[in-house]
>>> print(open('data_8.csv').read())   # CSV, C-alpha atoms
chain,number,residue,atom,x,y,z
A,564,MET,CA,245.1,123.2,47.9
A,565,LYS,CA,244.3,124.8,51.2
A,566,SER,CA,247.2,125.6,53.5
A,567,ARG,CA,246.0,123.1,56.2
A,568,HIS,CA,245.8,120.3,53.6
A,569,LYS,CA,249.3,121.2,52.5
A,570,LYS,CA,250.4,121.0,56.1
A,571,LEU,CA,248.8,117.6,56.5
A,572,ALA,CA,250.5,116.4,53.3
A,573,LEU,CA,253.8,117.7,54.6
A,574,ILE,CA,253.3,115.9,58.0
A,575,VAL,CA,252.4,112.6,56.3
A,576,GLY,CA,255.3,113.0,53.9
A,577,ALA,CA,257.7,113.7,56.7
A,578,VAL,CA,256.5,110.7,58.7
A,579,ALA,CA,256.8,108.4,55.7
A,580,LEU,CA,260.3,109.7,54.9
A,581,PHE,CA,261.4,109.2,58.5
A,582,GLY,CA,259.9,105.7,58.4
A,583,ILE,CA,261.9,104.8,55.3
A,584,ILE,CA,265.1,106.1,56.9
A,585,ILE,CA,264.4,103.9,60.0
A,586,VAL,CA,263.7,100.9,57.8
A,587,LEU,CA,267.0,101.3,56.0
A,588,VAL,CA,268.9,101.7,59.2
A,589,LEU,CA,267.3,98.6,60.8
A,590,ASN,CA,268.0,96.7,57.6
A,591,ALA,CA,271.7,97.6,57.8
A,592,LEU,CA,271.7,96.6,61.5
A,593,ASN,CA,269.8,93.4,60.8
A,594,SER,CA,272.4,90.9,62.1
A,595,ASN,CA,273.0,92.9,65.2
A,596,ILE,CA,269.3,93.1,66.2
A,597,ALA,CA,268.8,89.3,65.9
A,598,LEU,CA,269.0,87.8,69.3
A,599,PHE,CA,270.6,84.6,68.2
A,600,LYS,CA,272.4,82.8,65.3
A,601,SER,CA,270.9,79.6,63.9
A,602,PRO,CA,273.1,76.4,63.7
A,603,THR,CA,273.3,76.8,59.9
A,604,GLU,CA,274.7,80.3,60.3
A,605,VAL,CA,277.3,79.0,62.8
A,606,ALA,CA,278.2,76.2,60.4
A,607,ASN,CA,278.8,78.8,57.7
A,608,GLY,CA,281.2,80.6,60.0
A,609,ASN,CA,278.8,83.5,60.3
A,610,PHE,CA,279.3,84.2,64.0
A,611,PRO,CA,281.5,86.5,66.2
A,612,LYS,CA,284.7,84.7,67.0
A,613,ASP,CA,286.2,84.8,70.5
A,614,LYS,CA,283.1,86.5,71.8
A,615,LEU,CA,280.0,85.5,73.6
A,616,PHE,CA,277.0,85.0,71.3
A,617,ARG,CA,273.7,83.3,71.3
A,618,ILE,CA,272.5,80.4,69.3
A,619,GLY,CA,268.9,79.3,68.9
A,620,GLY,CA,266.8,76.6,67.4
A,621,LEU,CA,264.9,73.5,68.4
A,622,VAL,CA,266.3,71.0,70.9
A,623,LYS,CA,266.7,67.8,68.9
A,624,GLU,CA,264.4,64.9,70.0
A,625,GLY,CA,266.2,62.4,72.1
A,626,SER,CA,269.4,64.5,72.3
A,627,ILE,CA,269.4,65.6,76.0
A,628,GLN,CA,272.0,63.6,78.0
A,629,ARG,CA,273.6,64.1,81.4
A,630,GLN,CA,277.3,63.6,81.1
A,631,ALA,CA,279.4,61.2,83.2
A,632,ASP,CA,280.5,64.1,85.5
A,633,GLY,CA,276.9,64.4,86.7
A,634,VAL,CA,276.5,68.1,86.2
A,635,THR,CA,277.1,68.8,82.5
A,636,ILE,CA,274.1,68.5,80.3
A,637,ARG,CA,274.6,67.9,76.6
A,638,PHE,CA,272.0,68.5,74.0
A,639,VAL,CA,271.8,69.3,70.3
A,640,ILE,CA,270.3,72.5,68.9
A,641,THR,CA,269.0,72.1,65.4
A,642,ASP,CA,267.3,74.1,62.7
A,643,SER,CA,266.6,70.9,60.8
A,644,GLU,CA,269.4,71.7,58.4
A,645,SER,CA,272.4,71.9,60.7
A,646,ASP,CA,273.0,70.6,64.2
A,647,LEU,CA,275.1,72.0,67.0
A,648,THR,CA,276.1,70.2,70.2
A,649,VAL,CA,275.7,72.3,73.3
A,650,ASP,CA,277.3,71.6,76.7
A,651,TYR,CA,275.8,73.4,79.7
A,652,VAL,CA,276.3,73.3,83.5
A,653,GLY,CA,273.4,74.8,85.4
A,654,ILE,CA,269.7,74.9,86.0
A,655,LEU,CA,267.5,74.6,82.9
A,656,PRO,CA,264.2,76.5,82.8
A,657,ASP,CA,260.9,74.5,83.1
A,658,LEU,CA,259.9,74.9,79.5
A,659,PHE,CA,263.3,73.5,78.2
A,660,MET,CA,262.2,70.3,76.4
A,661,GLU,CA,263.1,68.2,73.5
A,662,GLY,CA,261.4,69.3,70.3
A,663,LYS,CA,260.9,72.9,71.7
A,664,GLY,CA,262.8,76.1,71.1
A,665,ALA,CA,265.8,77.1,73.1
A,666,VAL,CA,268.3,79.9,73.1
A,667,ALA,CA,271.8,79.5,74.6
A,668,GLN,CA,274.5,82.1,75.2
A,669,GLY,CA,278.2,81.0,75.2
A,670,LYS,CA,281.2,80.4,73.0
A,671,LEU,CA,282.1,78.0,70.2
A,672,LEU,CA,284.9,75.7,71.2
A,673,PRO,CA,287.6,74.6,68.7
A,674,ASP,CA,286.1,71.1,68.6
A,675,GLY,CA,282.9,72.6,67.1
A,676,SER,CA,280.8,72.2,70.2
A,677,PHE,CA,279.1,75.1,72.0
A,678,LYS,CA,279.9,75.8,75.6
A,679,ALA,CA,276.9,77.5,77.0
A,680,GLN,CA,276.8,79.9,80.1
A,681,GLU,CA,273.1,80.5,80.0
A,682,VAL,CA,270.2,78.5,78.5
A,683,LEU,CA,266.8,80.0,78.0
A,684,ALA,CA,263.6,78.3,76.8
A,685,LYS,CA,261.8,79.8,73.9
A,686,HIS,CA,258.1,79.4,74.2
A,687,ASP,CA,256.0,79.0,71.1
A,688,GLU,CA,252.7,80.8,70.4
A,689,ASN,CA,250.4,77.8,71.1
A,690,TYR,CA,248.2,77.9,74.1
A,691,MET,CA,245.9,74.9,74.8
A,692,PRO,CA,244.7,72.7,77.6
A,693,PRO,CA,246.6,69.4,78.2
A,694,GLU,CA,243.8,67.3,76.7
A,695,ALA,CA,244.0,69.2,73.4
A,696,ALA,CA,247.7,68.8,73.4
A,697,GLN,CA,247.3,65.1,74.0
A,698,ALA,CA,244.8,64.8,71.2
A,699,LEU,CA,247.1,66.6,68.9
A,700,ASN,CA,250.0,64.4,69.9
A,701,ASP,CA,247.9,61.2,69.4
A,702,ALA,CA,246.8,62.4,66.0
A,703,HIS,CA,250.4,63.2,65.1
A,704,VAL,CA,251.5,59.7,66.2
A,705,ARG,CA,248.7,58.1,64.1
A,706,GLY,CA,249.8,60.3,61.2
A,707,VAL,CA,253.4,59.2,61.5
A,708,GLN,CA,252.4,55.6,61.7
A,709,LYS,CA,250.3,55.9,58.6
A,710,GLN,CA,253.1,57.6,56.8
A,711,ALA,CA,255.5,54.9,57.9
A,712,GLU,CA,253.1,52.2,56.6
A,713,GLN,CA,252.7,53.9,53.3
A,714,ASP,CA,256.4,54.6,53.0
A,715,ALA,CA,258.1,51.2,52.4
A,716,ALA,CA,261.5,52.6,53.2
A,717,ALA,CA,260.0,53.6,56.6
A,718,ALA,CA,262.0,56.7,56.7
A,719,VAL,CA,261.7,58.3,60.1
A,720,ALA,CA,259.3,61.2,59.7
A,721,LYS,CA,260.8,64.3,61.5
A,722,PRO,CA,258.0,66.3,63.0
A,723,LYS,CA,258.3,69.9,61.9
A,724,ALA,CA,257.4,71.8,65.1
A,725,SER,CA,256.6,75.4,64.8
A,726,TYR,CA,258.5,77.9,66.9
B,552,MET,CA,225.5,119.0,55.8
B,553,ASN,CA,223.7,118.9,59.0
B,554,ASP,CA,225.6,115.8,60.2
B,555,ARG,CA,228.9,117.4,59.4
B,556,PHE,CA,227.9,120.5,61.4
B,557,ASN,CA,227.0,118.3,64.4
B,558,LEU,CA,230.2,116.4,64.4
B,559,TYR,CA,232.4,119.5,64.3
B,560,ARG,CA,230.3,121.0,67.1
B,561,PHE,CA,231.9,118.5,69.5
B,562,ALA,CA,235.4,119.6,68.5
B,563,SER,CA,234.8,122.6,70.7
B,564,PRO,CA,235.7,122.2,74.4
B,565,ALA,CA,232.5,123.9,75.5
B,566,THR,CA,230.3,121.2,74.0
B,567,PHE,CA,232.7,118.3,74.5
B,568,TYR,CA,233.1,118.9,78.2
B,569,PRO,CA,229.5,118.0,79.2
B,570,LEU,CA,229.3,115.2,76.6
B,571,ALA,CA,232.5,113.6,78.1
B,572,GLY,CA,231.0,113.9,81.6
B,573,ARG,CA,227.9,112.1,80.5
B,574,LEU,CA,229.8,109.3,78.8
B,575,ILE,CA,232.3,108.5,81.6
B,576,PRO,CA,229.9,106.5,83.9
B,577,TRP,CA,228.9,104.3,80.9
B,578,PHE,CA,232.5,103.5,80.0
B,579,ILE,CA,233.3,102.8,83.7
B,580,ALA,CA,230.2,100.4,84.0
B,581,ALA,CA,231.1,98.6,80.7
B,582,GLY,CA,234.7,98.3,81.9
B,583,ILE,CA,233.7,96.7,85.2
B,584,LEU,CA,231.3,94.3,83.4
B,585,PHE,CA,233.9,93.2,80.8
B,586,GLY,CA,236.6,93.0,83.4
B,587,LEU,CA,234.5,90.8,85.7
B,588,ALA,CA,233.5,88.5,82.8
B,589,GLY,CA,237.1,88.4,81.5
B,590,LEU,CA,238.6,87.6,84.9
B,591,TYR,CA,235.9,85.0,85.6
B,592,ILE,CA,236.6,83.2,82.3
B,593,GLY,CA,240.4,83.8,82.5
B,594,MET,CA,240.9,82.7,86.1
B,595,LEU,CA,238.1,80.1,86.7
B,596,VAL,CA,236.8,78.8,83.4
B,597,ALA,CA,239.9,78.6,81.1
B,598,PRO,CA,241.8,75.4,81.4
B,599,THR,CA,245.5,75.2,82.4
B,600,ASP,CA,248.0,75.3,79.6
B,601,PHE,CA,249.7,72.0,78.5
B,602,GLN,CA,253.2,73.3,79.0
B,603,GLN,CA,253.1,76.4,81.2
B,604,GLY,CA,250.5,75.2,83.8
B,605,GLU,CA,248.8,78.1,85.6
B,606,GLY,CA,251.6,80.6,84.9
B,607,TYR,CA,250.2,81.3,81.4
B,608,ARG,CA,247.2,83.2,83.0
B,609,ILE,CA,249.4,86.3,83.0
B,610,ILE,CA,248.4,86.7,79.3
B,611,PHE,CA,245.0,87.9,80.4
B,612,ILE,CA,246.7,91.1,81.6
B,613,HIS,CA,249.9,91.0,79.5
B,614,VAL,CA,248.4,90.8,76.0
B,615,PRO,CA,245.6,93.4,76.5
B,616,THR,CA,248.0,95.9,78.1
B,617,SER,CA,250.5,95.4,75.3
B,618,TRP,CA,247.8,95.9,72.7
B,619,MET,CA,246.6,99.0,74.5
B,620,SER,CA,250.1,100.5,74.9
B,621,MET,CA,250.5,100.4,71.1
B,622,PHE,CA,247.0,101.4,70.2
B,623,ILE,CA,246.9,104.4,72.6
B,624,TYR,CA,250.2,105.6,71.0
B,625,LEU,CA,248.6,105.4,67.5
B,626,VAL,CA,245.6,107.4,68.7
B,627,MET,CA,247.9,110.1,70.3
B,628,ALA,CA,249.9,110.3,67.0
B,629,PHE,CA,246.6,110.7,65.1
B,630,TRP,CA,245.6,113.6,67.4
B,631,ALA,CA,249.1,115.1,67.0
B,632,ALA,CA,248.8,115.0,63.2
B,633,ILE,CA,245.3,116.6,63.3
B,634,GLY,CA,246.5,119.2,65.8
B,635,LEU,CA,249.6,120.2,63.8
B,636,ALA,CA,247.7,120.3,60.5
B,637,PHE,CA,244.4,121.9,61.5
B,638,ASN,CA,245.4,123.8,64.6
B,639,THR,CA,242.5,122.5,66.6
B,640,ARG,CA,242.3,123.1,70.3
B,641,LEU,CA,241.0,119.8,71.4
B,642,SER,CA,243.6,117.5,69.7
B,643,GLY,CA,246.5,118.5,71.9
B,644,MET,CA,244.4,118.0,75.0
B,645,MET,CA,243.3,114.5,73.8
B,646,ALA,CA,246.9,113.5,73.2
B,647,GLN,CA,248.0,114.8,76.6
B,648,ALA,CA,245.1,113.1,78.3
B,649,LEU,CA,245.9,109.7,76.8
B,650,ALA,CA,249.7,109.8,77.6
B,651,PRO,CA,249.7,108.6,81.3
B,652,THR,CA,247.3,105.7,80.5
B,653,GLY,CA,249.5,104.7,77.6
B,654,ALA,CA,252.6,104.8,79.8
B,655,LEU,CA,250.8,102.7,82.4
B,656,MET,CA,249.9,100.1,79.8
B,657,ALA,CA,253.4,99.9,78.5
B,658,PHE,CA,254.7,99.6,82.0
B,659,LEU,CA,252.2,96.8,82.9
B,660,SER,CA,253.1,95.0,79.7
B,661,LEU,CA,256.8,95.0,80.5
B,662,TRP,CA,256.3,94.1,84.2
B,663,THR,CA,253.9,91.2,83.6
B,664,GLY,CA,256.2,90.0,80.8
B,665,ALA,CA,259.1,90.0,83.2
B,666,LEU,CA,257.1,88.1,85.9
B,667,TRP,CA,256.2,85.5,83.3
B,668,GLY,CA,259.7,85.4,81.7
B,669,LYS,CA,261.5,84.3,84.8
B,670,PRO,CA,259.8,81.0,85.3
B,671,MET,CA,259.1,80.2,81.6
B,672,TRP,CA,262.2,81.5,79.8
B,673,GLY,CA,264.6,81.5,82.7
B,674,THR,CA,265.3,85.2,82.7
B,675,TRP,CA,263.5,88.4,83.7
B,676,TRP,CA,264.8,90.4,80.8
B,677,VAL,CA,266.6,89.9,77.5
B,678,TRP,CA,267.6,92.5,75.0
B,679,ASP,CA,265.7,91.1,72.1
B,680,ALA,CA,263.9,93.2,69.5
B,681,ARG,CA,260.4,92.9,71.0
B,682,LEU,CA,261.3,93.7,74.6
B,683,THR,CA,263.6,96.5,73.7
B,684,SER,CA,261.2,98.2,71.3
B,685,GLU,CA,258.4,98.0,73.9
B,686,LEU,CA,260.8,99.6,76.5
B,687,ILE,CA,261.5,102.4,73.9
B,688,LEU,CA,257.7,102.9,73.7
B,689,LEU,CA,257.6,103.4,77.5
B,690,PHE,CA,260.4,105.9,77.2
B,691,LEU,CA,258.5,107.7,74.4
B,692,TYR,CA,255.5,108.1,76.6
B,693,ILE,CA,257.6,109.4,79.5
B,694,GLY,CA,259.5,111.7,77.2
B,695,TYR,CA,256.3,113.1,75.7
B,696,MET,CA,254.9,113.8,79.1
B,697,ALA,CA,258.1,115.4,80.3
B,698,LEU,CA,258.4,117.6,77.1
B,699,VAL,CA,254.8,118.8,77.3
B,700,ALA,CA,255.1,119.5,81.0
B,701,ALA,CA,258.4,121.5,80.5
B,702,ILE,CA,256.9,124.1,78.1
B,703,ASP,CA,254.6,126.6,79.8
B,704,ASP,CA,252.7,127.8,76.7
B,705,ALA,CA,250.1,125.1,76.0
B,706,ARG,CA,250.0,125.7,72.3
B,707,ARG,CA,253.8,125.4,71.9
B,708,ALA,CA,253.8,122.4,74.2
B,709,ASP,CA,251.3,120.6,72.0
B,710,LYS,CA,253.3,121.4,68.9
B,711,ALA,CA,256.6,120.1,70.3
B,712,GLY,CA,254.9,117.1,71.8
B,713,GLY,CA,253.1,116.4,68.6
B,714,ILE,CA,256.3,116.3,66.6
B,715,LEU,CA,257.8,113.9,69.1
B,716,LEU,CA,254.7,111.7,68.9
B,717,LEU,CA,254.9,111.6,65.1
B,718,VAL,CA,258.6,110.8,65.1
B,719,GLY,CA,258.0,108.0,67.6
B,720,VAL,CA,255.1,106.4,65.7
B,721,VAL,CA,257.6,104.5,63.5
B,722,ASN,CA,258.3,102.4,66.6
B,723,ILE,CA,254.8,100.9,66.6
B,724,PRO,CA,255.2,98.7,63.5
B,725,ILE,CA,258.7,97.8,64.8
B,726,ILE,CA,257.2,96.5,68.0
B,727,TYR,CA,254.4,94.6,66.3
B,728,PHE,CA,256.5,93.0,63.6
B,729,SER,CA,259.7,92.5,65.6
B,730,VAL,CA,259.0,88.9,66.3
B,731,LYS,CA,258.6,88.3,62.5
B,732,TRP,CA,261.5,90.3,61.3
B,733,TRP,CA,264.2,89.2,63.7
B,734,ASN,CA,265.2,86.2,65.8
B,735,THR,CA,263.7,87.1,69.2
B,736,LEU,CA,263.2,85.2,72.5
B,737,HIS,CA,259.6,86.5,72.6
B,738,GLN,CA,257.2,84.2,70.8
B,739,GLY,CA,255.3,85.2,67.7
B,740,SER,CA,251.8,86.5,68.1
B,741,SER,CA,249.2,83.8,69.0
B,742,VAL,CA,246.3,85.9,67.7
B,743,ASN,CA,245.8,88.2,64.8
B,744,LEU,CA,242.8,89.0,62.6
B,745,THR,CA,242.9,85.8,60.6
B,746,LYS,CA,244.2,83.1,63.0
B,747,SER,CA,244.4,82.0,66.6
B,748,ALA,CA,246.8,79.5,68.0
B,749,MET,CA,244.9,79.5,71.3
B,750,ALA,CA,242.2,77.4,72.8
B,751,GLU,CA,238.9,79.2,72.3
B,752,VAL,CA,238.0,79.7,76.0
B,753,MET,CA,241.4,81.3,76.6
B,754,LEU,CA,240.9,83.6,73.6
B,755,TRP,CA,237.5,84.7,74.9
B,756,GLY,CA,238.9,85.6,78.3
B,757,MET,CA,241.7,87.6,76.7
B,758,LEU,CA,239.4,89.5,74.3
B,759,LEU,CA,237.0,90.3,77.2
B,760,MET,CA,240.0,91.6,79.2
B,761,ALA,CA,241.1,93.6,76.2
B,762,LEU,CA,237.6,95.2,76.0
B,763,ALA,CA,237.8,96.0,79.7
B,764,PHE,CA,241.1,97.8,79.3
B,765,TRP,CA,239.6,99.7,76.3
B,766,MET,CA,236.7,100.9,78.4
B,767,TYR,CA,239.0,101.8,81.3
B,768,SER,CA,241.4,103.7,79.0
B,769,ILE,CA,238.5,105.7,77.4
B,770,ALA,CA,237.0,106.5,80.8
B,771,VAL,CA,240.2,107.8,82.4
B,772,ALA,CA,241.2,109.7,79.3
B,773,LEU,CA,237.8,111.5,79.1
B,774,ALA,CA,238.1,112.4,82.8
B,775,ARG,CA,241.6,113.7,82.3
B,776,VAL,CA,240.6,115.7,79.2
B,777,ARG,CA,237.9,117.4,81.2
B,778,THR,CA,240.3,118.7,83.8
B,779,LEU,CA,242.7,119.7,81.0
B,780,MET,CA,239.9,121.7,79.4
B,781,LEU,CA,239.0,123.5,82.6
B,782,GLU,CA,242.6,124.3,83.2
B,783,ARG,CA,243.4,125.6,79.8
B,784,GLU,CA,240.2,127.5,79.1
B,785,ARG,CA,239.9,128.9,82.6
B,786,HIS,CA,239.5,132.5,81.3
B,787,THR,CA,236.6,131.7,79.1
B,788,ASP,CA,232.9,132.2,79.8
B,789,TRP,CA,231.8,128.6,79.4
B,790,VAL,CA,234.2,127.4,82.1
B,791,ARG,CA,233.0,130.2,84.5
B,792,LYS,CA,229.4,129.2,83.8
B,793,THR,CA,230.1,125.5,84.2
B,794,LEU,CA,231.9,125.9,87.5
B,795,VAL,CA,229.3,128.2,88.9
B,796,GLY,CA,226.7,125.8,87.8
B,797,ASP,CA,228.5,123.0,89.7
B,798,GLU,CA,228.5,124.9,92.9
B,799,GLN,CA,224.7,125.5,92.9
>>> encode(input="data_8.csv", output="structure tokens")
Amino acid sequence: MKSRHKKLALIVGAVALFGIIIVLVLNALNSNIALFKSPTEVANGNFPKDKLFRIGGLVKEGSIQRQADGVTIRFVITDSESDLTVDYVGILPDLFMEGKGAVAQGKLLPDGSFKAQEVLAKHDENYMPPEAAQALNDAHVRGVQKQAEQDAAAAVAKPKASY
Amino acid sequence: MNDRFNLYRFASPATFYPLAGRLIPWFIAAGILFGLAGLYIGMLVAPTDFQQGEGYRIIFIHVPTSWMSMFIYLVMAFWAAIGLAFNTRLSGMMAQALAPTGALMAFLSLWTGALWGKPMWGTWWVWDARLTSELILLFLYIGYMALVAAIDDARRADKAGGILLLVGVVNIPIIYFSVKWWNTLHQGSSVNLTKSAMAEVMLWGMLLMALAFWMYSIAVALARVRTLMLERERHTDWVRKTLVGDEQ
């Protein structure tokens, strides 16, 4: 083996070793790097108590309501396994919509609801013109109808949106 | 055997200097053409997005600059490895010539992302894994440039900078896969080699812009490497001959 090849092997080995170290460190820090907790994690008690933290998931269809006081907005964040009710006073971003992703920062109250101080919309990776979105939506509605017809129990098909 | 010989010939600054000079105008021309086509498609032909309206058009700058910021770093790390292993003169200069462009790309990526984030997400900045690792990339570029500039001896500067580049290369897969590995506010990638979650016209605009940024990066890196060659090899015969030839 020529010395320069030895050197190259040494460099590649060192970079690989360093990479493995970083992977292990990141793995150990995994829960701290994640920006938000899912409702299921919160339901399992896997969240920092008495501290601000973020939750994230999809805004449940039909769940956004303005409360009687006129300024509080209540909605449900879901990961389709668990739900979490969120109360928020403030301005919502434009992309905050039912069926879309959102991230909220705040505290969990003793009654199990989440008091948010900040709500951010999480955009998905889909980019398309309005007509294409309309066509997709129509197709989805037709698909749901078909499903409903086939399924005598007429269980409500929950659309699994990607986010 | 003959081919190998020819390829190695261009590893010498004396032969690479004129070659780079001849190539630069072509890359500039290609960059302008791709850029005009990309901007035309991106700004005038591509439809508005169903959710974001016109604001999504930032991707025609944001995504190509993000790609370039990661790719340029990989190229610099490649040159650093070659330079450390084979002790070639050109590799250190190549890495150094690419660094400011890489830093510019990382900065543009962060800046355009912030401009988009405020109306869409509701915040300029959030410390999620994707944004933070891209910020670290910008710091790596700046750190590399500072380190190389701080050491007077060019050979030693290349070595120290090269080690920094190789240590930092671990950050690139972290940036790329951060949206998969962790919960982030940043969305997953719309485009990779096998799938695209974008309307086709939008994708074409973005790819043309990416090509334009490629051509720009190559052109400025070649121009920069030419000045680096003249500076570092100023005591050699070929530089004296080249400069005298320029004056005539």
>>> atom_distance(input="data_8.csv", atom1="atom CA of A:Gly619", atom2="atom CA of B:Trp662")
24.7 Å
>>> residues_near_point(input="data_8.csv", point="(247.2, 80.5, 83.0)", cutoff="8 Å", atoms="all atoms listed in the file", output="number ranges by chain")
B: 593-594, 597-600, 603-610
>>> residues_near_point(input="data_8.csv", point="(255.3, 108.9, 73.5)", cutoff="12 Å", atoms="only C-alpha atoms", output="PyMOL selection string")
chain B and resi 620-628+631+646-647+649-655+657+685-699+711-723
>>> closest_atom_pairs(input="data_8.csv", of="chain B", to="chain A", cutoff="6 Å", atoms="only C-alpha atoms", output="JSON lines")
{"residue": "B:Pro598", "atom": "CA", "partner": "A:Pro692", "partner_atom": "CA", "distance": 5.5}
{"residue": "B:Thr599", "atom": "CA", "partner": "A:Pro692", "partner_atom": "CA", "distance": 5.5}
{"residue": "B:Asp600", "atom": "CA", "partner": "A:Pro692", "partner_atom": "CA", "distance": 4.7}
{"residue": "B:Phe601", "atom": "CA", "partner": "A:Pro693", "partner_atom": "CA", "distance": 4.1}
{"residue": "B:Ala636", "atom": "CA", "partner": "A:Leu571", "partner_atom": "CA", "distance": 4.9}
{"residue": "B:Phe637", "atom": "CA", "partner": "A:Arg567", "partner_atom": "CA", "distance": 5.7}
{"residue": "B:Met671", "atom": "CA", "partner": "A:Leu658", "partner_atom": "CA", "distance": 5.8}
{"residue": "B:Trp672", "atom": "CA", "partner": "A:Ala684", "partner_atom": "CA", "distance": 4.6}
{"residue": "B:Gly673", "atom": "CA", "partner": "A:Pro656", "partner_atom": "CA", "distance": 5.0}
{"residue": "B:Asp679", "atom": "CA", "partner": "A:Leu598", "partner_atom": "CA", "distance": 5.4}
{"residue": "B:Val721", "atom": "CA", "partner": "A:Gly582", "partner_atom": "CA", "distance": 5.7}
{"residue": "B:Trp733", "atom": "CA", "partner": "A:Ala597", "partner_atom": "CA", "distance": 5.1}
{"residue": "B:Asn734", "atom": "CA", "partner": "A:Ala597", "partner_atom": "CA", "distance": 4.8}
{"residue": "B:Thr735", "atom": "CA", "partner": "A:Leu598", "partner_atom": "CA", "distance": 5.3}
{"residue": "B:Leu736", "atom": "CA", "partner": "A:Lys685", "partner_atom": "CA", "distance": 5.8}
{"residue": "B:Gln738", "atom": "CA", "partner": "A:Asp687", "partner_atom": "CA", "distance": 5.3}
{"residue": "B:Gly739", "atom": "CA", "partner": "A:Glu688", "partner_atom": "CA", "distance": 5.8}
{"residue": "B:Ser741", "atom": "CA", "partner": "A:Glu688", "partner_atom": "CA", "distance": 4.8}
{"residue": "B:Ala748", "atom": "CA", "partner": "A:Asn689", "partner_atom": "CA", "distance": 5.0}
{"residue": "B:Met749", "atom": "CA", "partner": "A:Tyr690", "partner_atom": "CA", "distance": 4.6}
{"residue": "B:Ala750", "atom": "CA", "partner": "A:Met691", "partner_atom": "CA", "distance": 4.9}
>>> atom_distance(input="data_8.csv", atom1="atom CA of A:Thr635", atom2="atom CA of A:Gly675")
16.9 Å
>>> atom_distance(input="data_8.csv", atom1="atom CA of B:Trp789", atom2="atom CA of B:Ala701")
27.6 Å
>>> closest_residue(input="data_8.csv", among="A:Asp701, A:Glu661, A:Asp632, A:Asp646", to="A:Ala606", atoms="only C-alpha atoms")
A:Asp646
>>> build_atoms(input="data_8.csv", residues="stretch 738-752 of chain B", atoms="N, CA and C atoms", output="short mmCIF file (atom, residue, chain, number, x, y, z; two decimals), keeping the file's coordinate frame")
data_model
loop_
_atom_site.label_atom_id
_atom_site.label_comp_id
_atom_site.auth_asym_id
_atom_site.auth_seq_id
_atom_site.Cartn_x
_atom_site.Cartn_y
_atom_site.Cartn_z
N GLN B 738 257.92 84.96 71.79
CA GLN B 738 257.20 84.20 70.80
C GLN B 738 256.48 85.04 69.79
N GLY B 739 256.13 84.46 68.66
CA GLY B 739 255.30 85.20 67.70
C GLY B 739 253.92 85.39 68.25
N SER B 740 253.10 86.18 67.52
CA SER B 740 251.80 86.50 68.10
C SER B 740 250.87 85.26 67.93
N SER B 741 250.15 84.96 69.01
CA SER B 741 249.20 83.80 69.00
C SER B 741 247.95 84.17 68.26
N VAL B 742 247.61 85.46 68.28
CA VAL B 742 246.30 85.90 67.70
C VAL B 742 246.53 87.04 66.78
N ASN B 743 245.98 86.95 65.58
CA ASN B 743 245.80 88.20 64.80
C ASN B 743 244.44 88.08 64.12
N LEU B 744 244.18 88.95 63.14
CA LEU B 744 242.80 89.00 62.60
C LEU B 744 242.38 87.75 61.93
N THR B 745 243.33 86.95 61.45
CA THR B 745 242.90 85.80 60.60
C THR B 745 243.09 84.46 61.33
N LYS B 746 243.96 84.39 62.35
CA LYS B 746 244.20 83.10 63.00
C LYS B 746 244.37 83.18 64.46
N SER B 747 244.19 82.06 65.14
CA SER B 747 244.40 82.00 66.60
C SER B 747 245.05 80.69 66.92
N ALA B 748 246.18 80.73 67.62
CA ALA B 748 246.80 79.50 68.00
C ALA B 748 246.52 79.25 69.52
N MET B 749 245.32 79.68 69.94
CA MET B 749 244.90 79.50 71.30
C MET B 749 243.64 78.75 71.43
N ALA B 750 243.48 78.04 72.55
CA ALA B 750 242.20 77.40 72.80
C ALA B 750 241.13 78.49 72.88
N GLU B 751 239.89 78.16 72.45
CA GLU B 751 238.90 79.20 72.30
C GLU B 751 238.51 79.89 73.59
N VAL B 752 238.40 79.13 74.68
CA VAL B 752 238.00 79.70 76.00
C VAL B 752 239.06 80.77 76.40
#
